[in-house]
Amino acid sequence: MANGIQQPRARKSVGRLYRLIAFSLSLVWSAARGPFVWLIVLQLAGAGLLAAQVLTVQWVLSGILGLGSPTASIASLVLAVVTLALLTAATAVNGSIQGSLGRYVGETVARAMWQRLLDVSTGVGLRRFESPEFFDRLERVRSSALTRPFQVTNGVIGVVGTAAAGAGLAITLATFNPLLLPLLLLSGLPIVITSRRESRLEFAFNVAQTQPLRQRTYTSILLTGRDEAKEIRAFGLARTLRERFDRLYGTYLADLRSHLRKRATYSVIGQLTAALVLGATLLVLVWLISTGGLDIASAGAALVAVRMLATQIQGLSGSIQSIFESGLFIDDLREFIDLTPSNSEADVVGTELDFEEIRVDGASFTYPGREAAAVKDVDLRIEKGEVVAIVGENGSGKTTLAKLIAGLYPLDQGVISWDGTSTTLLPPGAVRASTAVIFQDFVRYAMDGTSNIAFGRPESAADEQRVREAAEAAGAEGFLESLPEGYDTPLTRLFEGGRDLSGGQWQRVAIARAFYRDARLVVLDEPSSALDPRAEYELFSSLRRTLDGRSALVISHRFSTVRNADRIYVMDNGSVVEMGTHDELMRRRGTYAELFTLQASAYLSGDEAA
């Protein structure tokens, strides 16, 4: 019964090894075909050099042992020694070239794996980024993407090289005495078995450490980040965060000690068993010499061959272990790659649409892992050339609704339509291509001013005239032109020659990016949160002129900024509770009037607010 179980397991292992090697070879072949071929050639040449060294050792020993005989040839011995020296030098040069070429191939494979990883991370929908499981898998793949390609590449090349060298040495050894060969092959078996156990342990340990690693990395970012430095000092958080970092790292080291002890146990068992078999082989070699089965010169060469072949067998088992161990991570990578959608979410280059009316009917959406809906049964419309506002308290669902309208999340229920056509029936990427979105937490790209604005339309080269027009519309042209290199100045102190911007200036740059996109629908999420009152007034008083017939959806918790909107939607707990113009909503004395009066009372006296 046991034998019946072992055979399927063995077949499964062999099949798995075949699949891993096939995948690895295809990866290396597609990434670095030419260098990989040269590596194989060098490996085969190295195998031939090792076999030639063994035969040359026999030649040298025969010459030394025959020095006292009348037929001895000093010239032949000198030639043998010179040949051995040249073969040794050639082997060293071959190894050096292989090392350099292997490094290049490894880096090329690393780039190919990074390309696949980035295709997934930029192509999946935003829903994925709401899932901790997705981040765990992303972190595991990202943390191994730089190291595992080297192991896979070197493992595959190592299997080819050690197998070729082992075959050459085995044939050479068999010419001395065939009895030595099976014993040496047996010596590699224990290492192969224990290596499989070590590989599984390593993968399980890395999976278990994914969450703690993310927490430790995040804590280190807090302690070393430039943006976080001021708050760390203002609140005196350094000691608390250091203690957290040390505690997380201490737990990791304790787990690592336990893990390494288990790996070391398997390694010791495998190496000791292999050493016993190798010792038995050497005893057989001694017995052969004592019984005349081998002459002294052949025995000396056989001894060298035994040592070399034992090294090759261990190298082969190590390469197989490397492939198996990396294979577990490759399985993780392949599962991650399978998440790539047929239509990449990152591809916003689609058909740009115009519209007379955008309608939202019965829209509902719930974030993954949450029970309460962020948006519930919302109706909304935006007509051409209108400025429509969404207001409400924090957490009311304003930004989520904006993401739905911009096509960044799919609806759970309801329909969003452009001129009567559901967005699900429009060409892929059309909604995103026709919408410019600037969120409150916009990205501050550590690049020059031109790039920061021109990223609004990344599919084409930056148009300098349009960049300046967008900056002027957003009120950013003054401070950008005053920078040392003007618009070409890096907007960061992270890089040489860069300059910092204030929060309000950055917000103007982000708004310019939206204007540069020149989309028919502009979504502005808290567009004035970092602006001073004068700048805020200037932005909204000129918004219609700047839009020039385009439509705008403005999300704000500052009610004073949206009072001139064509329509105002008031959200509360994910639902629209009121809709109308500013005057209509104030006359109703509902939620909008209450919140508007509360905000106004902070600036006006009681009579004025009333």
# chains A, B, ... in the order shown; residues from 1 in each chain; ligands from 1
$ residues_around --residues "Ser460 of chain A" --least-positions-apart "2" --cutoff "12 Å" --atoms "only C-alpha atoms" --output "MDAnalysis selection string"
chainID A and resid 349 451 454:458 462:464 516:517
$ write_last_selection --atoms "N, CA and C atoms" --output "PDB file, in the first residue's frame"
ATOM      1  N   VAL A 349      -6.925  54.994 -22.708  1.00  0.00           N
ATOM      2  CA  VAL A 349      -6.942  55.512 -24.074  1.00  0.00           C
ATOM      3  C   VAL A 349      -8.095  54.853 -24.807  1.00  0.00           C
ATOM      4  N   SER A 451       5.595  67.910 -16.732  1.00  0.00           N
ATOM      5  CA  SER A 451       5.127  66.523 -16.646  1.00  0.00           C
ATOM      6  C   SER A 451       3.919  66.410 -15.724  1.00  0.00           C
ATOM      7  N   ALA A 454       1.043  67.712 -17.820  1.00  0.00           N
ATOM      8  CA  ALA A 454       0.817  66.950 -19.054  1.00  0.00           C
ATOM      9  C   ALA A 454       0.403  65.511 -18.785  1.00  0.00           C
ATOM     10  N   PHE A 455       0.562  65.026 -17.550  1.00  0.00           N
ATOM     11  CA  PHE A 455       0.075  63.690 -17.216  1.00  0.00           C
ATOM     12  C   PHE A 455      -1.450  63.609 -17.351  1.00  0.00           C
ATOM     13  N   GLY A 456      -2.103  64.767 -17.496  1.00  0.00           N
ATOM     14  CA  GLY A 456      -3.530  64.756 -17.747  1.00  0.00           C
ATOM     15  C   GLY A 456      -3.896  64.068 -19.050  1.00  0.00           C
ATOM     16  N   ARG A 457      -2.946  64.027 -19.978  1.00  0.00           N
ATOM     17  CA  ARG A 457      -3.162  63.334 -21.251  1.00  0.00           C
ATOM     18  C   ARG A 457      -1.872  62.601 -21.618  1.00  0.00           C
ATOM     19  N   PRO A 458      -1.573  61.491 -20.920  1.00  0.00           N
ATOM     20  CA  PRO A 458      -0.267  60.838 -21.054  1.00  0.00           C
ATOM     21  C   PRO A 458      -0.069  60.096 -22.362  1.00  0.00           C
ATOM     22  N   ALA A 462       3.828  66.008 -24.457  1.00  0.00           N
ATOM     23  CA  ALA A 462       3.389  67.244 -23.796  1.00  0.00           C
ATOM     24  C   ALA A 462       3.336  68.400 -24.794  1.00  0.00           C
ATOM     25  N   ASP A 463       2.215  69.112 -24.780  1.00  0.00           N
ATOM     26  CA  ASP A 463       2.037  70.302 -25.600  1.00  0.00           C
ATOM     27  C   ASP A 463       2.304  71.515 -24.701  1.00  0.00           C
ATOM     28  N   GLU A 464       3.438  72.179 -24.922  1.00  0.00           N
ATOM     29  CA  GLU A 464       3.863  73.246 -24.015  1.00  0.00           C
ATOM     30  C   GLU A 464       2.843  74.383 -23.955  1.00  0.00           C
ATOM     31  N   TYR A 516      -5.962  70.332 -18.375  1.00  0.00           N
ATOM     32  CA  TYR A 516      -5.148  69.944 -19.535  1.00  0.00           C
ATOM     33  C   TYR A 516      -5.765  68.743 -20.263  1.00  0.00           C
ATOM     34  N   ARG A 517      -6.439  67.889 -19.510  1.00  0.00           N
ATOM     35  CA  ARG A 517      -7.045  66.700 -20.121  1.00  0.00           C
ATOM     36  C   ARG A 517      -8.118  67.082 -21.136  1.00  0.00           C
TER      37      ARG A 517
END
$ residues_around --residues "Glu481 of chain A" --least-positions-apart "4" --cutoff "12 Å" --atoms "only C-alpha atoms" --output "mmCIF file with N, CA, C and O atoms, in the first residue's frame"
data_model
loop_
_atom_site.group_PDB
_atom_site.id
_atom_site.type_symbol
_atom_site.label_atom_id
_atom_site.label_comp_id
_atom_site.auth_asym_id
_atom_site.auth_seq_id
_atom_site.Cartn_x
_atom_site.Cartn_y
_atom_site.Cartn_z
ATOM 1 N N ASP A 448 9.027 67.248 -12.985
ATOM 2 C CA ASP A 448 8.959 68.660 -13.328
ATOM 3 C C ASP A 448 7.516 69.118 -13.507
ATOM 4 O O ASP A 448 6.587 68.309 -13.633
ATOM 5 N N GLY A 449 7.319 70.450 -13.525
ATOM 6 C CA GLY A 449 5.987 71.012 -13.626
ATOM 7 C C GLY A 449 5.271 70.629 -14.902
ATOM 8 O O GLY A 449 4.074 70.334 -14.888
ATOM 9 N N THR A 450 5.990 70.629 -16.007
ATOM 10 C CA THR A 450 5.374 70.261 -17.282
ATOM 11 C C THR A 450 4.806 68.853 -17.232
ATOM 12 O O THR A 450 3.667 68.605 -17.649
ATOM 13 N N VAL A 467 -0.024 73.243 -21.855
ATOM 14 C CA VAL A 467 0.390 73.162 -20.454
ATOM 15 C C VAL A 467 0.267 74.536 -19.805
ATOM 16 O O VAL A 467 -0.260 74.675 -18.690
ATOM 17 N N ARG A 468 0.738 75.559 -20.502
ATOM 18 C CA ARG A 468 0.685 76.913 -19.947
ATOM 19 C C ARG A 468 -0.744 77.444 -19.862
ATOM 20 O O ARG A 468 -1.106 78.144 -18.918
ATOM 21 N N ALA A 471 -2.254 75.763 -16.840
ATOM 22 C CA ALA A 471 -1.710 76.365 -15.621
ATOM 23 C C ALA A 471 -2.330 77.733 -15.364
ATOM 24 O O ALA A 471 -2.658 78.082 -14.222
ATOM 25 N N GLU A 472 -2.509 78.497 -16.416
ATOM 26 C CA GLU A 472 -3.116 79.820 -16.264
ATOM 27 C C GLU A 472 -4.560 79.699 -15.783
ATOM 28 O O GLU A 472 -5.008 80.450 -14.901
ATOM 29 N N GLY A 475 -4.582 79.009 -12.189
ATOM 30 C CA GLY A 475 -3.876 79.973 -11.358
ATOM 31 C C GLY A 475 -2.512 79.492 -10.909
ATOM 32 O O GLY A 475 -2.008 79.911 -9.860
ATOM 33 N N ALA A 476 -1.880 78.630 -11.706
ATOM 34 C CA ALA A 476 -0.581 78.075 -11.324
ATOM 35 C C ALA A 476 0.574 78.660 -12.117
ATOM 36 O O ALA A 476 1.737 78.388 -11.816
ATOM 37 N N GLU A 477 0.262 79.477 -13.154
ATOM 38 C CA GLU A 477 1.343 79.918 -14.041
ATOM 39 C C GLU A 477 2.341 80.831 -13.330
ATOM 40 O O GLU A 477 3.551 80.790 -13.605
ATOM 41 N N GLU A 485 14.049 76.817 -13.043
ATOM 42 C CA GLU A 485 14.012 76.336 -14.425
ATOM 43 C C GLU A 485 12.601 76.428 -14.995
ATOM 44 O O GLU A 485 12.263 75.720 -15.945
ATOM 45 N N GLY A 486 11.783 77.275 -14.401
ATOM 46 C CA GLY A 486 10.416 77.425 -14.876
ATOM 47 C C GLY A 486 9.634 76.133 -14.755
ATOM 48 O O GLY A 486 9.708 75.440 -13.749
ATOM 49 N N TYR A 487 8.887 75.819 -15.786
ATOM 50 C CA TYR A 487 8.057 74.609 -15.786
ATOM 51 C C TYR A 487 8.898 73.335 -15.763
ATOM 52 O O TYR A 487 8.378 72.260 -15.466
ATOM 53 N N ASP A 488 10.177 73.423 -16.101
ATOM 54 C CA ASP A 488 11.048 72.245 -16.132
ATOM 55 C C ASP A 488 11.704 71.965 -14.786
ATOM 56 O O ASP A 488 12.510 71.040 -14.668
ATOM 57 N N THR A 489 11.372 72.730 -13.769
ATOM 58 C CA THR A 489 11.942 72.519 -12.431
ATOM 59 C C THR A 489 11.265 71.325 -11.760
ATOM 60 O O THR A 489 10.030 71.258 -11.720
#
$ residues_around --residues "Thr351 of chain A" --least-positions-apart "5" --cutoff "7 Å" --atoms "only C-alpha atoms" --output "PDB file with N, CA, C and O atoms, in the first residue's frame"
ATOM      1  N   PRO A 427     -17.684  51.625 -25.488  1.00  0.00           N
ATOM      2  CA  PRO A 427     -16.360  51.041 -25.752  1.00  0.00           C
ATOM      3  C   PRO A 427     -15.492  51.048 -24.498  1.00  0.00           C
ATOM      4  O   PRO A 427     -15.587  51.976 -23.680  1.00  0.00           O
ATOM      5  N   ALA A 430     -13.904  54.231 -22.580  1.00  0.00           N
ATOM      6  CA  ALA A 430     -14.490  55.454 -23.122  1.00  0.00           C
ATOM      7  C   ALA A 430     -14.851  56.451 -22.023  1.00  0.00           C
ATOM      8  O   ALA A 430     -14.615  57.655 -22.158  1.00  0.00           O
ATOM      9  N   ALA A 433     -11.676  57.928 -20.596  1.00  0.00           N
ATOM     10  CA  ALA A 433     -11.045  58.814 -21.581  1.00  0.00           C
ATOM     11  C   ALA A 433     -11.788  60.131 -21.706  1.00  0.00           C
ATOM     12  O   ALA A 433     -11.209  61.135 -22.123  1.00  0.00           O
TER      13      ALA A 433
END
$ residues_around --residues "Ala32 of chain A" --least-positions-apart "6" --cutoff "9 Å" --atoms "only C-alpha atoms" --output "list in words"
Tyr104, Val105, Gly106, Thr108 and Val109 of chain A
$ write_last_selection --atoms "N, CA, C and O atoms" --output "JSON list (two decimals), in the first residue's frame"
[["chain", "number", "residue", "atom", "x", "y", "z"],
["A", 104, "TYR", "N", 23.63, 39.05, -15.87],
["A", 104, "TYR", "CA", 22.88, 39.81, -16.87],
["A", 104, "TYR", "C", 21.56, 39.12, -17.20],
["A", 104, "TYR", "O", 20.50, 39.76, -17.29],
["A", 105, "VAL", "N", 21.63, 37.80, -17.40],
["A", 105, "VAL", "CA", 20.40, 37.05, -17.70],
["A", 105, "VAL", "C", 19.41, 37.16, -16.55],
["A", 105, "VAL", "O", 18.21, 37.35, -16.75],
["A", 106, "GLY", "N", 19.93, 37.05, -15.32],
["A", 106, "GLY", "CA", 19.06, 37.16, -14.16],
["A", 106, "GLY", "C", 18.34, 38.50, -14.09],
["A", 106, "GLY", "O", 17.15, 38.57, -13.80],
["A", 108, "THR", "N", 17.71, 40.47, -16.60],
["A", 108, "THR", "CA", 16.77, 40.54, -17.72],
["A", 108, "THR", "C", 15.49, 39.79, -17.39],
["A", 108, "THR", "O", 14.38, 40.26, -17.69],
["A", 109, "VAL", "N", 15.63, 38.63, -16.74],
["A", 109, "VAL", "CA", 14.46, 37.87, -16.33],
["A", 109, "VAL", "C", 13.70, 38.64, -15.25],
["A", 109, "VAL", "O", 12.46, 38.65, -15.22]]
$ atom_distance --atom1 "atom CA of Pro212 of chain A" --atom2 "atom CA of Gly155 of chain A"
29.1 Å
$ residues_around --residues "Val207 of chain A" --least-positions-apart "3" --cutoff "9 Å" --atoms "only C-alpha atoms" --output "PyMOL selection string"
chain A and resi 136-137+140+202-204+210-211
$ write_last_selection --atoms "C-alpha atoms" --output "PDB file, in the first residue's frame"
ATOM      1  CA  ASP A 136      -0.761  40.186   0.781  1.00  0.00           C
ATOM      2  CA  ARG A 137      -0.364  38.419  -2.540  1.00  0.00           C
ATOM      3  CA  ARG A 140       4.706  38.328  -1.669  1.00  0.00           C
ATOM      4  CA  GLU A 202      10.607  28.280   3.218  1.00  0.00           C
ATOM      5  CA  PHE A 203       7.441  29.010   1.266  1.00  0.00           C
ATOM      6  CA  ALA A 204       5.176  28.467   4.294  1.00  0.00           C
ATOM      7  CA  THR A 210       3.572  38.577   4.627  1.00  0.00           C
ATOM      8  CA  GLN A 211       1.339  40.614   6.955  1.00  0.00           C
TER       9      GLN A 211
END
$ select_by_dssp --residues "segment 515-600 of chain A" --states "helix (DSSP H, G or I)" --output "JSON, numbers by chain"
{"A": [515, 516, 517, 533, 534, 535, 536, 537, 538, 539, 540, 541, 543, 544, 545, 546, 547, 559, 560, 561, 562, 582, 583, 584, 585, 586, 587, 588, 591, 592, 593, 594, 595, 596, 597, 598, 599, 600]}
$ select_by_dssp --residues "segment 430-585 of chain A" --states "strand (DSSP E or B)" --output "PDB file with N, CA and C atoms, in the first residue's frame"
ATOM      1  N   THR A 435     -13.359  61.660 -19.159  1.00  0.00           N
ATOM      2  CA  THR A 435     -13.512  62.245 -17.830  1.00  0.00           C
ATOM      3  C   THR A 435     -12.149  62.635 -17.272  1.00  0.00           C
ATOM      4  N   ALA A 436     -12.078  63.804 -16.675  1.00  0.00           N
ATOM      5  CA  ALA A 436     -10.868  64.234 -15.960  1.00  0.00           C
ATOM      6  C   ALA A 436     -11.211  64.272 -14.468  1.00  0.00           C
ATOM      7  N   VAL A 437     -10.408  63.578 -13.676  1.00  0.00           N
ATOM      8  CA  VAL A 437     -10.709  63.471 -12.247  1.00  0.00           C
ATOM      9  C   VAL A 437      -9.510  63.956 -11.432  1.00  0.00           C
ATOM     10  N   ILE A 438      -9.764  64.852 -10.496  1.00  0.00           N
ATOM     11  CA  ILE A 438      -8.755  65.235  -9.515  1.00  0.00           C
ATOM     12  C   ILE A 438      -9.363  64.995  -8.131  1.00  0.00           C
ATOM     13  N   ASP A 448       9.027  67.248 -12.985  1.00  0.00           N
ATOM     14  CA  ASP A 448       8.959  68.660 -13.328  1.00  0.00           C
ATOM     15  C   ASP A 448       7.516  69.118 -13.507  1.00  0.00           C
ATOM     16  N   PRO A 490      12.048  70.355 -11.218  1.00  0.00           N
ATOM     17  CA  PRO A 490      11.431  69.255 -10.455  1.00  0.00           C
ATOM     18  C   PRO A 490      10.682  69.809  -9.244  1.00  0.00           C
ATOM     19  N   LEU A 521     -16.239  65.879 -19.251  1.00  0.00           N
ATOM     20  CA  LEU A 521     -16.707  65.895 -17.866  1.00  0.00           C
ATOM     21  C   LEU A 521     -15.496  66.045 -16.952  1.00  0.00           C
ATOM     22  N   VAL A 522     -15.530  67.052 -16.080  1.00  0.00           N
ATOM     23  CA  VAL A 522     -14.449  67.287 -15.118  1.00  0.00           C
ATOM     24  C   VAL A 522     -14.999  67.014 -13.719  1.00  0.00           C
ATOM     25  N   VAL A 523     -14.345  66.098 -13.000  1.00  0.00           N
ATOM     26  CA  VAL A 523     -14.739  65.762 -11.635  1.00  0.00           C
ATOM     27  C   VAL A 523     -13.709  66.352 -10.691  1.00  0.00           C
ATOM     28  N   LEU A 524     -14.147  67.261  -9.823  1.00  0.00           N
ATOM     29  CA  LEU A 524     -13.252  67.929  -8.880  1.00  0.00           C
ATOM     30  C   LEU A 524     -13.669  67.554  -7.459  1.00  0.00           C
ATOM     31  N   ASP A 525     -12.856  66.744  -6.813  1.00  0.00           N
ATOM     32  CA  ASP A 525     -13.149  66.276  -5.455  1.00  0.00           C
ATOM     33  C   ASP A 525     -12.433  67.180  -4.460  1.00  0.00           C
ATOM     34  N   SER A 551     -18.772  70.088 -18.747  1.00  0.00           N
ATOM     35  CA  SER A 551     -19.550  69.901 -17.527  1.00  0.00           C
ATOM     36  C   SER A 551     -18.616  69.602 -16.370  1.00  0.00           C
ATOM     37  N   ALA A 552     -19.071  69.969 -15.175  1.00  0.00           N
ATOM     38  CA  ALA A 552     -18.250  69.734 -13.988  1.00  0.00           C
ATOM     39  C   ALA A 552     -19.099  69.114 -12.883  1.00  0.00           C
ATOM     40  N   LEU A 553     -18.496  68.149 -12.209  1.00  0.00           N
ATOM     41  CA  LEU A 553     -19.085  67.571 -11.006  1.00  0.00           C
ATOM     42  C   LEU A 553     -18.158  67.937  -9.855  1.00  0.00           C
ATOM     43  N   VAL A 554     -18.648  68.770  -8.955  1.00  0.00           N
ATOM     44  CA  VAL A 554     -17.820  69.297  -7.874  1.00  0.00           C
ATOM     45  C   VAL A 554     -18.265  68.670  -6.554  1.00  0.00           C
ATOM     46  N   ILE A 555     -17.335  68.038  -5.859  1.00  0.00           N
ATOM     47  CA  ILE A 555     -17.619  67.452  -4.547  1.00  0.00           C
ATOM     48  C   ILE A 555     -16.983  68.342  -3.498  1.00  0.00           C
ATOM     49  N   SER A 556     -17.748  68.734  -2.511  1.00  0.00           N
ATOM     50  CA  SER A 556     -17.200  69.640  -1.510  1.00  0.00           C
ATOM     51  C   SER A 556     -17.965  69.510  -0.200  1.00  0.00           C
ATOM     52  N   ARG A 567     -27.170  72.649  -9.965  1.00  0.00           N
ATOM     53  CA  ARG A 567     -27.919  71.740  -9.115  1.00  0.00           C
ATOM     54  C   ARG A 567     -27.014  71.244  -8.005  1.00  0.00           C
ATOM     55  N   ILE A 568     -27.566  71.109  -6.820  1.00  0.00           N
ATOM     56  CA  ILE A 568     -26.800  70.634  -5.670  1.00  0.00           C
ATOM     57  C   ILE A 568     -27.485  69.384  -5.123  1.00  0.00           C
ATOM     58  N   TYR A 569     -26.697  68.311  -4.990  1.00  0.00           N
ATOM     59  CA  TYR A 569     -27.201  67.067  -4.395  1.00  0.00           C
ATOM     60  C   TYR A 569     -26.608  66.944  -2.998  1.00  0.00           C
ATOM     61  N   VAL A 570     -27.473  66.715  -2.023  1.00  0.00           N
ATOM     62  CA  VAL A 570     -27.037  66.580  -0.637  1.00  0.00           C
ATOM     63  C   VAL A 570     -27.072  65.103  -0.272  1.00  0.00           C
ATOM     64  N   MET A 571     -25.923  64.574   0.162  1.00  0.00           N
ATOM     65  CA  MET A 571     -25.830  63.146   0.500  1.00  0.00           C
ATOM     66  C   MET A 571     -25.704  62.965   2.004  1.00  0.00           C
ATOM     67  N   ASP A 572     -26.293  61.884   2.461  1.00  0.00           N
ATOM     68  CA  ASP A 572     -26.181  61.523   3.870  1.00  0.00           C
ATOM     69  C   ASP A 572     -26.257  60.004   3.964  1.00  0.00           C
ATOM     70  N   SER A 575     -26.909  58.058   0.668  1.00  0.00           N
ATOM     71  CA  SER A 575     -28.090  58.337  -0.137  1.00  0.00           C
ATOM     72  C   SER A 575     -28.217  59.843  -0.400  1.00  0.00           C
ATOM     73  N   VAL A 576     -28.910  60.185  -1.500  1.00  0.00           N
ATOM     74  CA  VAL A 576     -29.243  61.580  -1.779  1.00  0.00           C
ATOM     75  C   VAL A 576     -30.512  61.913  -1.000  1.00  0.00           C
ATOM     76  N   VAL A 577     -30.408  62.906  -0.110  1.00  0.00           N
ATOM     77  CA  VAL A 577     -31.552  63.266   0.723  1.00  0.00           C
ATOM     78  C   VAL A 577     -32.218  64.553   0.262  1.00  0.00           C
ATOM     79  N   GLU A 578     -31.489  65.369  -0.531  1.00  0.00           N
ATOM     80  CA  GLU A 578     -32.059  66.611  -1.052  1.00  0.00           C
ATOM     81  C   GLU A 578     -31.420  66.942  -2.385  1.00  0.00           C
ATOM     82  N   MET A 579     -32.164  67.714  -3.202  1.00  0.00           N
ATOM     83  CA  MET A 579     -31.624  68.141  -4.491  1.00  0.00           C
ATOM     84  C   MET A 579     -32.312  69.437  -4.894  1.00  0.00           C
ATOM     85  N   GLY A 580     -31.509  70.370  -5.436  1.00  0.00           N
ATOM     86  CA  GLY A 580     -32.069  71.630  -5.896  1.00  0.00           C
ATOM     87  C   GLY A 580     -30.988  72.676  -6.020  1.00  0.00           C
TER      88      GLY A 580
END
$ closest_residue --among "A:Leu408, A:Ala90, A:Val277, A:Val60" --to "Phe129 of chain A" --atoms "only C-alpha atoms"
A:Leu408
$ closest_residue --among "A:Leu42, A:Leu138, A:Ala165, A:Leu276" --to "Arg334 of chain A" --atoms "only C-alpha atoms"
A:Leu138
$ residues_around --residues "Ile405 of chain A" --least-positions-apart "4" --cutoff "9 Å" --atoms "only C-alpha atoms" --output "PDB file with N, CA, C and O atoms, in the first residue's frame"
ATOM      1  N   ILE A 358     -25.765  63.003 -18.748  1.00  0.00           N
ATOM      2  CA  ILE A 358     -25.341  61.808 -18.028  1.00  0.00           C
ATOM      3  C   ILE A 358     -26.362  61.571 -16.919  1.00  0.00           C
ATOM      4  O   ILE A 358     -26.680  62.476 -16.152  1.00  0.00           O
ATOM      5  N   VAL A 360     -27.633  58.983 -13.664  1.00  0.00           N
ATOM      6  CA  VAL A 360     -27.369  57.929 -12.688  1.00  0.00           C
ATOM      7  C   VAL A 360     -28.727  57.511 -12.132  1.00  0.00           C
ATOM      8  O   VAL A 360     -29.457  58.344 -11.568  1.00  0.00           O
ATOM      9  N   THR A 400     -17.144  58.325  -3.290  1.00  0.00           N
ATOM     10  CA  THR A 400     -17.462  57.030  -3.902  1.00  0.00           C
ATOM     11  C   THR A 400     -18.375  57.215  -5.106  1.00  0.00           C
ATOM     12  O   THR A 400     -18.176  56.599  -6.162  1.00  0.00           O
ATOM     13  N   LEU A 401     -19.389  58.073  -4.965  1.00  0.00           N
ATOM     14  CA  LEU A 401     -20.288  58.338  -6.093  1.00  0.00           C
ATOM     15  C   LEU A 401     -19.520  58.939  -7.264  1.00  0.00           C
ATOM     16  O   LEU A 401     -19.764  58.588  -8.434  1.00  0.00           O
ATOM     17  N   TYR A 409     -15.179  52.418 -10.628  1.00  0.00           N
ATOM     18  CA  TYR A 409     -15.755  51.251  -9.962  1.00  0.00           C
ATOM     19  C   TYR A 409     -16.994  50.820 -10.741  1.00  0.00           C
ATOM     20  O   TYR A 409     -17.742  51.662 -11.257  1.00  0.00           O
ATOM     21  N   ILE A 416     -25.631  53.709 -14.981  1.00  0.00           N
ATOM     22  CA  ILE A 416     -25.113  55.027 -15.337  1.00  0.00           C
ATOM     23  C   ILE A 416     -25.095  55.081 -16.856  1.00  0.00           C
ATOM     24  O   ILE A 416     -24.529  54.198 -17.512  1.00  0.00           O
ATOM     25  N   VAL A 431     -15.424  55.949 -20.918  1.00  0.00           N
ATOM     26  CA  VAL A 431     -15.827  56.853 -19.833  1.00  0.00           C
ATOM     27  C   VAL A 431     -14.600  57.505 -19.208  1.00  0.00           C
ATOM     28  O   VAL A 431     -14.569  58.721 -18.977  1.00  0.00           O
ATOM     29  N   VAL A 523     -14.345  66.098 -13.000  1.00  0.00           N
ATOM     30  CA  VAL A 523     -14.739  65.762 -11.635  1.00  0.00           C
ATOM     31  C   VAL A 523     -13.709  66.352 -10.691  1.00  0.00           C
ATOM     32  O   VAL A 523     -12.526  65.998 -10.753  1.00  0.00           O
TER      33      VAL A 523
END
$ atom_distance --atom1 "atom CA of Glu386 of chain A" --atom2 "atom CA of Leu598 of chain A"
27.2 Å
$ closest_residue --among "A:Arg589, A:Leu223, A:Leu201, A:Ala167" --to "Leu44 of chain A" --atoms "only C-alpha atoms"
A:Ala167
